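Trainee: Contents of query14.txt (compact mmCIF, C-alpha atoms and all ligand atoms):
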# COMPACT_ATOMS: atom_id res chain seq x y z
CA MET R 1 12.74 -5.33 -2.53
CA GLU R 2 10.15 -7.72 -3.82
CA GLN R 3 7.82 -6.63 -6.58
CA ARG R 4 4.54 -7.49 -4.94
CA PRO R 5 1.57 -5.25 -5.70
CA PHE R 6 0.97 -2.56 -3.08
CA ASN R 7 -2.26 -3.90 -1.62
CA ASP R 8 -3.78 -5.62 1.41
CA ILE R 9 -3.12 -9.11 0.04
CA SER R 10 0.60 -8.42 -0.18
CA PHE R 11 0.48 -6.81 3.26
CA ARG R 12 -1.00 -10.02 4.70
CA LEU R 13 1.51 -12.21 2.84
CA PHE R 14 4.30 -10.21 4.43
CA ILE R 15 2.64 -10.56 7.85
CA ASN R 16 2.70 -14.34 7.29
CA GLU R 17 6.45 -13.95 6.74
CA GLU R 18 6.55 -11.93 9.97
CA LYS R 19 7.38 -8.67 8.26
CA LEU R 20 5.49 -5.44 8.83
CA MET R 21 5.67 -3.67 5.48
CA GLY R 22 4.46 -0.38 4.14
CA SER R 23 4.78 1.54 0.89
CA ARG R 24 6.68 4.78 0.51
CA CYS R 25 5.86 7.31 -2.18
CA GLY R 26 8.81 8.10 -4.42
CA GLY R 27 7.28 11.49 -5.19
CA CYS R 28 6.77 12.99 -1.72
CA GLY R 29 8.09 10.38 0.71
CA ALA R 30 4.71 9.68 2.36
CA LEU R 31 4.54 6.30 4.07
CA PHE R 32 1.49 4.01 4.08
CA VAL R 33 0.87 1.01 6.35
CA PRO R 34 -1.01 -0.99 5.09
CA PRO R 35 0.44 -0.07 1.69
CA ARG R 36 -1.29 2.03 -0.94
CA SER R 37 -0.51 1.92 -4.63
CA ILE R 38 -1.41 5.58 -5.23
CA CYS R 39 -0.27 8.36 -2.90
CA VAL R 40 -3.14 10.28 -1.28
CA HIS R 41 -0.93 13.36 -0.97
CA CYS R 42 0.59 13.80 -4.43
CA SER R 43 -1.24 11.10 -6.47
CA GLY R 44 2.16 9.58 -7.23
CA ALA R 45 2.26 5.91 -8.22
CA GLU R 46 6.00 5.29 -7.74
CA MET R 47 5.84 3.22 -4.57
CA GLU R 48 8.53 1.16 -2.92
CA TRP R 49 8.28 -1.38 -0.11
CA VAL R 50 9.75 -0.44 3.24
CA GLN R 51 9.96 -2.66 6.29
CA MET R 52 8.88 -1.14 9.61
CA LYS R 53 10.99 -1.67 12.71
CA GLY R 54 7.90 -2.73 14.64
CA LEU R 55 8.20 -0.15 17.40
CA ALA R 56 5.10 1.82 18.25
CA LYS R 57 3.14 3.68 20.88
CA LEU R 58 -0.41 2.91 21.87
CA ALA R 59 -2.70 5.60 20.41
CA ALA R 60 -6.15 4.17 21.19
CA PHE R 61 -7.62 0.86 22.26
CA THR R 62 -10.77 -0.98 23.08
CA CYS R 63 -11.25 -4.14 25.12
CA ILE R 64 -13.88 -6.43 23.66
CA ALA R 65 -15.78 -8.81 25.92
CA ILE R 66 -18.20 -10.16 23.33
CA GLY R 67 -16.25 -10.95 20.20
CA PRO R 68 -16.94 -12.71 16.90
CA PRO R 69 -17.05 -16.56 16.86
CA HIS R 70 -13.38 -17.02 15.93
CA MET R 71 -12.36 -15.00 19.00
CA LEU R 72 -14.65 -17.04 21.24
CA LYS R 73 -12.93 -20.14 19.84
CA GLU R 74 -9.60 -18.69 20.92
CA GLY R 75 -10.97 -18.50 24.44
CA TYR R 76 -11.92 -14.86 24.74
CA ASP R 77 -15.13 -13.95 26.51
CA ARG R 78 -16.57 -11.66 29.19
CA LYS R 79 -14.08 -12.95 31.75
CA ARG R 80 -11.18 -12.68 29.37
CA PRO R 81 -11.70 -9.76 26.99
CA TYR R 82 -9.28 -9.15 24.17
CA CYS R 83 -7.93 -5.82 23.14
CA THR R 84 -7.75 -4.17 19.74
CA GLY R 85 -5.84 -0.96 19.39
CA VAL R 86 -4.53 1.71 17.11
CA VAL R 87 -0.79 2.07 17.40
CA GLN R 88 1.39 4.80 16.01
CA LEU R 89 4.52 3.33 14.47
CA GLU R 90 7.86 4.96 15.15
CA GLU R 91 7.94 5.66 11.38
CA GLY R 92 4.68 7.64 11.67
CA PRO R 93 1.74 5.65 10.22
CA LYS R 94 -1.01 4.32 12.48
CA VAL R 95 -2.11 0.71 12.22
CA VAL R 96 -4.88 -1.32 13.81
CA ALA R 97 -3.70 -4.47 15.56
CA ARG R 98 -4.31 -6.80 18.47
CA ILE R 99 -2.76 -5.67 21.74
CA GLU R 100 -1.39 -8.50 23.86
CA GLY R 101 0.34 -8.70 27.21
CA ILE R 102 -1.89 -6.25 29.04
CA ASP R 103 -4.52 -6.77 31.69
CA THR R 104 -7.74 -6.47 29.70
CA ASN R 105 -9.78 -6.82 32.87
CA LYS R 106 -8.33 -3.53 34.08
CA PRO R 107 -8.49 -1.26 31.01
CA GLU R 108 -8.16 1.76 33.33
CA ASN R 109 -4.52 0.72 33.86
CA ILE R 110 -3.71 0.68 30.15
CA LEU R 111 -2.00 3.92 29.24
CA ILE R 112 -2.10 5.75 25.94
CA GLY R 113 1.49 6.24 24.82
CA THR R 114 2.68 2.87 26.19
CA PRO R 115 5.71 1.75 24.12
CA LEU R 116 4.94 -1.43 22.18
CA ALA R 117 6.75 -3.88 19.95
CA ALA R 118 5.24 -5.79 17.04
CA GLY R 119 4.82 -9.53 17.19
CA PHE R 120 3.18 -12.10 14.97
CA LEU R 121 0.69 -14.55 16.39
CA ARG R 122 -0.03 -17.67 14.40
CA ARG R 123 -3.49 -19.11 14.04
CA LYS R 124 -4.42 -22.44 12.51
CA HIS R 125 -7.24 -22.83 10.00
CA GLY R 126 -7.44 -26.57 9.53
CA GLU R 127 -4.20 -27.38 7.68
CA ALA R 128 -3.30 -23.81 6.93
CA GLU R 129 -1.74 -21.40 9.33
CA THR R 130 -1.77 -17.65 9.08
CA ALA R 131 -0.13 -14.99 11.16
CA PHE R 132 -1.62 -11.77 12.38
CA LEU R 133 -0.14 -8.65 13.80
CA ALA R 134 -0.17 -8.11 17.55
CA PHE R 135 1.65 -5.54 19.62
CA ALA R 136 2.77 -6.04 23.22
CA PRO R 137 4.42 -3.74 25.75
CA LEU R 138 8.22 -3.57 25.43
ZN ZN Q 201 3.26 11.23 -2.59
Could you write out this structure as structure tokens?

Mentor:
Amino acid sequence: MEQRPFNDISFRLFINEEKLMGSRCGGCGALFVPPRSICVHCSGAEMEWVQMKGLAKLAAFTCIAIGPPHMLKEGYDRKRPYCTGVVQLEEGPKVVARIEGIDTNKPENILIGTPLAAGFLRRKHGEAETAFLAFAPL
């Protein structure tokens, strides 16, 4: 795999390439998403990149009606809240991501444990375009 440093910048570069990547500790096998360069369990520094399948279950979520300016620009407001969640990947780690494809006006119908699949939404910043991670029900 590529020799990018195990940090958030690399994580985001991979997201731009539509890959959800984590680091696995060569010492104890612990998996980190986003990646860590030093293992919190055994202090090992022998990491390798691993690509996640992108399958997850919803672990927690919140629907946000009053978001930051860039979310307002995307058209989210009180009438159209957006949802941020914590998902547990099939591989184990939990990641924070946008949750799409659910009725954010009826959060009572959103169930913890809902199976989700990773997707990559693209957002323009002037000339540049970046992707961000979003999960949606399978
Ligand atoms: Zn370790």

Trainee: What residues have any atom no more than 12 Å from ligand ZN 201 (chain Q) when counting only C-alpha atoms and all ligand atoms, and can you list them as a ChimeraX atom specification?

Mentor: /R:23-32,36-48

Trainee: Rounded to one decimal, what separation in Å do you get between CA of Ile102 in chain R and CA of Leu133 in chain R?

Mentor: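 One can read the CA of Ile102 in chain R to CA of Leu133 in chain R distance as 15.5 Å.
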
Trainee: CA of Leu89 in chain R to CA of Lys106 in chain R: how many Å, to one decimal?

Mentor: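 Here the two named atoms are 24.4 Å from each other.
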
Trainee: When you count all atoms listed in the file, which of these residues is closest to Leu116 in chain R: R:Ala65, R:Ala128, R:Ala60, R:Val87?

Mentor: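 Closest to Leu116 in chain R, using all atoms listed in the file: R:Val87.
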
Trainee: Looking at all atoms listed in the file, which of R:Lys57, R:Arg12, R:His125, R:Arg4 is the one that sits closest to His70 in chain R?

Mentor: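 Answer, going by the shortest atom-to-atom distance: R:His125.
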
Trainee: Rounded to one decimal in Å, what is the spacing between CA of Asp8 in chain R and CA of Val33 in chain R?

Mentor: 9.5 Å

Trainee: Output, as JSON, the centre and edge lengths in Å (one decimal) of the axis-aligned box that contains all listed atoms of range 81-89 of chain R with 3 Å of margin on each side.

Mentor:
{"center_x": -3.6, "center_y": -2.5, "center_z": 20.7, "size_x": 22.2, "size_y": 20.6, "size_z": 18.5}

Trainee: Return the single residue from R:Ala117, R:Met52, R:Ala134, R:Met71 that is closest to Gly85 in chain R, with distances computed using only C-alpha atoms.

Mentor: R:Ala134

Trainee: Considering only C-alpha atoms, state which residue in the set R:Ile9, R:Thr84, R:Pro68, R:Phe61 is at the smallest distance from Glu108 in chain R.

Mentor: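 For Glu108 in chain R, the nearest of the given residues is R:Phe61.
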
Trainee: Which polymer residues have any atom within 10 Å of an atom of Lys79 in chain R, counting only C-alpha atoms, with same-chain residues fewer than 3 positions away left out, as a short mmCIF file (atom, residue, chain, number, x, y, z; two decimals) with C-alpha atoms, keeping the file's coordinate frame?

Mentor:
data_model
loop_
_atom_site.label_atom_id
_atom_site.label_comp_id
_atom_site.auth_asym_id
_atom_site.auth_seq_id
_atom_site.Cartn_x
_atom_site.Cartn_y
_atom_site.Cartn_z
CA ALA R 65 -15.78 -8.81 25.92
CA ILE R 66 -18.20 -10.16 23.33
CA GLY R 75 -10.97 -18.50 24.44
CA TYR R 76 -11.92 -14.86 24.74
CA TYR R 82 -9.28 -9.15 24.17
CA THR R 104 -7.74 -6.47 29.70
CA ASN R 105 -9.78 -6.82 32.87
#

Trainee: Just the residues within 10 Å of Asn16 in chain R, please, counting only C-alpha atoms, with nothing from its chain fewer than 6 positions along; format it as a list of chain:residue names.

Mentor: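 The residues that qualify are R:Ser10, R:Phe120, R:Leu121, R:Arg122, R:Glu129, R:Thr130, R:Ala131, R:Phe132, R:Leu133.
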
Trainee: Show me, as a list in words, the residues that have an atom within 12 Å of Asp103 in chain R when counting only C-alpha atoms, minus same-chain residues fewer than 2 positions from it.

Mentor: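 Once the adjacent positions are removed, what remains is Cys63, Lys79, Arg80, Pro81, Tyr82, Cys83, Ile99, Glu100, Gly101, Asn105, Lys106, Pro107, Glu108, Asn109, Ile110, Leu111, Ala136 and Pro137 of chain R.
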
Trainee: Would you save the residues from that selection as a short mmCIF file (atom, residue, chain, number, x, y, z; two decimals), in the frame of the given file, using C-alpha atoms?

Mentor:
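What ended up in out35.cif:
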data_model
loop_
_atom_site.label_atom_id
_atom_site.label_comp_id
_atom_site.auth_asym_id
_atom_site.auth_seq_id
_atom_site.Cartn_x
_atom_site.Cartn_y
_atom_site.Cartn_z
CA CYS R 63 -11.25 -4.14 25.12
CA LYS R 79 -14.08 -12.95 31.75
CA ARG R 80 -11.18 -12.68 29.37
CA PRO R 81 -11.70 -9.76 26.99
CA TYR R 82 -9.28 -9.15 24.17
CA CYS R 83 -7.93 -5.82 23.14
CA ILE R 99 -2.76 -5.67 21.74
CA GLU R 100 -1.39 -8.50 23.86
CA GLY R 101 0.34 -8.70 27.21
CA ASN R 105 -9.78 -6.82 32.87
CA LYS R 106 -8.33 -3.53 34.08
CA PRO R 107 -8.49 -1.26 31.01
CA GLU R 108 -8.16 1.76 33.33
CA ASN R 109 -4.52 0.72 33.86
CA ILE R 110 -3.71 0.68 30.15
CA LEU R 111 -2.00 3.92 29.24
CA ALA R 136 2.77 -6.04 23.22
CA PRO R 137 4.42 -3.74 25.75
#

Trainee: Reconstruct range 67-96 of chain R at the level of N, CA and C atoms, and format the result as a short mmCIF file (atom, residue, chain, number, x, y, z; two decimals), in the frame of the given file.

Mentor:
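The new file result12.cif reads:
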data_model
loop_
_atom_site.label_atom_id
_atom_site.label_comp_id
_atom_site.auth_asym_id
_atom_site.auth_seq_id
_atom_site.Cartn_x
_atom_site.Cartn_y
_atom_site.Cartn_z
N GLY R 67 -16.89 -11.00 21.50
CA GLY R 67 -16.25 -10.95 20.20
C GLY R 67 -16.93 -11.84 19.19
N PRO R 68 -16.42 -11.82 17.95
CA PRO R 68 -16.94 -12.71 16.90
C PRO R 68 -16.58 -14.17 17.21
N PRO R 69 -17.24 -15.12 16.55
CA PRO R 69 -17.05 -16.56 16.86
C PRO R 69 -15.59 -17.00 16.88
N HIS R 70 -14.76 -16.51 15.94
CA HIS R 70 -13.38 -17.02 15.93
C HIS R 70 -12.61 -16.56 17.17
N MET R 71 -13.01 -15.44 17.77
CA MET R 71 -12.36 -15.00 19.00
C MET R 71 -12.85 -15.81 20.19
N LEU R 72 -14.13 -16.17 20.18
CA LEU R 72 -14.65 -17.04 21.24
C LEU R 72 -13.92 -18.37 21.21
N LYS R 73 -13.66 -18.87 19.99
CA LYS R 73 -12.93 -20.14 19.84
C LYS R 73 -11.53 -20.05 20.43
N GLU R 74 -10.94 -18.87 20.34
CA GLU R 74 -9.60 -18.69 20.92
C GLU R 74 -9.64 -18.55 22.44
N GLY R 75 -10.86 -18.52 22.99
CA GLY R 75 -10.97 -18.50 24.44
C GLY R 75 -11.23 -17.13 25.04
N TYR R 76 -11.63 -16.19 24.20
CA TYR R 76 -11.92 -14.86 24.74
C TYR R 76 -13.41 -14.72 25.01
N ASP R 77 -13.73 -14.19 26.17
CA ASP R 77 -15.13 -13.95 26.51
C ASP R 77 -15.21 -12.83 27.53
N ARG R 78 -16.36 -12.73 28.21
CA ARG R 78 -16.57 -11.66 29.19
C ARG R 78 -15.51 -11.66 30.28
N LYS R 79 -15.07 -12.86 30.67
CA LYS R 79 -14.08 -12.95 31.75
C LYS R 79 -12.68 -12.69 31.24
N ARG R 80 -12.50 -12.84 29.95
CA ARG R 80 -11.18 -12.68 29.37
C ARG R 80 -11.32 -11.88 28.07
N PRO R 81 -11.55 -10.57 28.21
CA PRO R 81 -11.70 -9.76 26.99
C PRO R 81 -10.39 -9.69 26.21
N TYR R 82 -10.49 -9.40 24.94
CA TYR R 82 -9.28 -9.15 24.17
C TYR R 82 -9.26 -7.68 23.79
N CYS R 83 -8.10 -7.24 23.37
CA CYS R 83 -7.93 -5.82 23.14
C CYS R 83 -7.48 -5.57 21.71
N THR R 84 -8.14 -4.63 21.06
CA THR R 84 -7.75 -4.17 19.74
C THR R 84 -7.35 -2.71 19.89
N GLY R 85 -6.29 -2.33 19.22
CA GLY R 85 -5.84 -0.96 19.39
C GLY R 85 -5.38 -0.33 18.09
N VAL R 86 -5.19 0.96 18.17
CA VAL R 86 -4.53 1.71 17.11
C VAL R 86 -3.17 2.08 17.67
N VAL R 87 -2.12 1.72 16.93
CA VAL R 87 -0.79 2.07 17.40
C VAL R 87 -0.14 3.00 16.39
N GLN R 88 0.64 3.91 16.91
CA GLN R 88 1.39 4.80 16.01
C GLN R 88 2.81 4.27 15.91
N LEU R 89 3.18 3.88 14.70
CA LEU R 89 4.52 3.33 14.47
C LEU R 89 5.56 4.42 14.64
N GLU R 90 6.76 4.01 15.03
CA GLU R 90 7.86 4.96 15.15
C GLU R 90 8.06 5.72 13.83
N GLU R 91 7.79 5.04 12.70
CA GLU R 91 7.94 5.66 11.38
C GLU R 91 6.81 6.64 11.05
N GLY R 92 5.74 6.66 11.88
CA GLY R 92 4.68 7.64 11.67
C GLY R 92 3.29 7.09 11.45
N PRO R 93 3.10 6.12 10.50
CA PRO R 93 1.74 5.65 10.22
C PRO R 93 1.08 4.98 11.44
N LYS R 94 -0.24 5.01 11.44
CA LYS R 94 -1.01 4.32 12.48
C LYS R 94 -1.59 3.05 11.90
N VAL R 95 -1.52 1.97 12.67
CA VAL R 95 -2.11 0.71 12.22
C VAL R 95 -2.99 0.14 13.32
N VAL R 96 -3.98 -0.62 12.89
CA VAL R 96 -4.88 -1.32 13.81
C VAL R 96 -4.31 -2.71 14.03
#
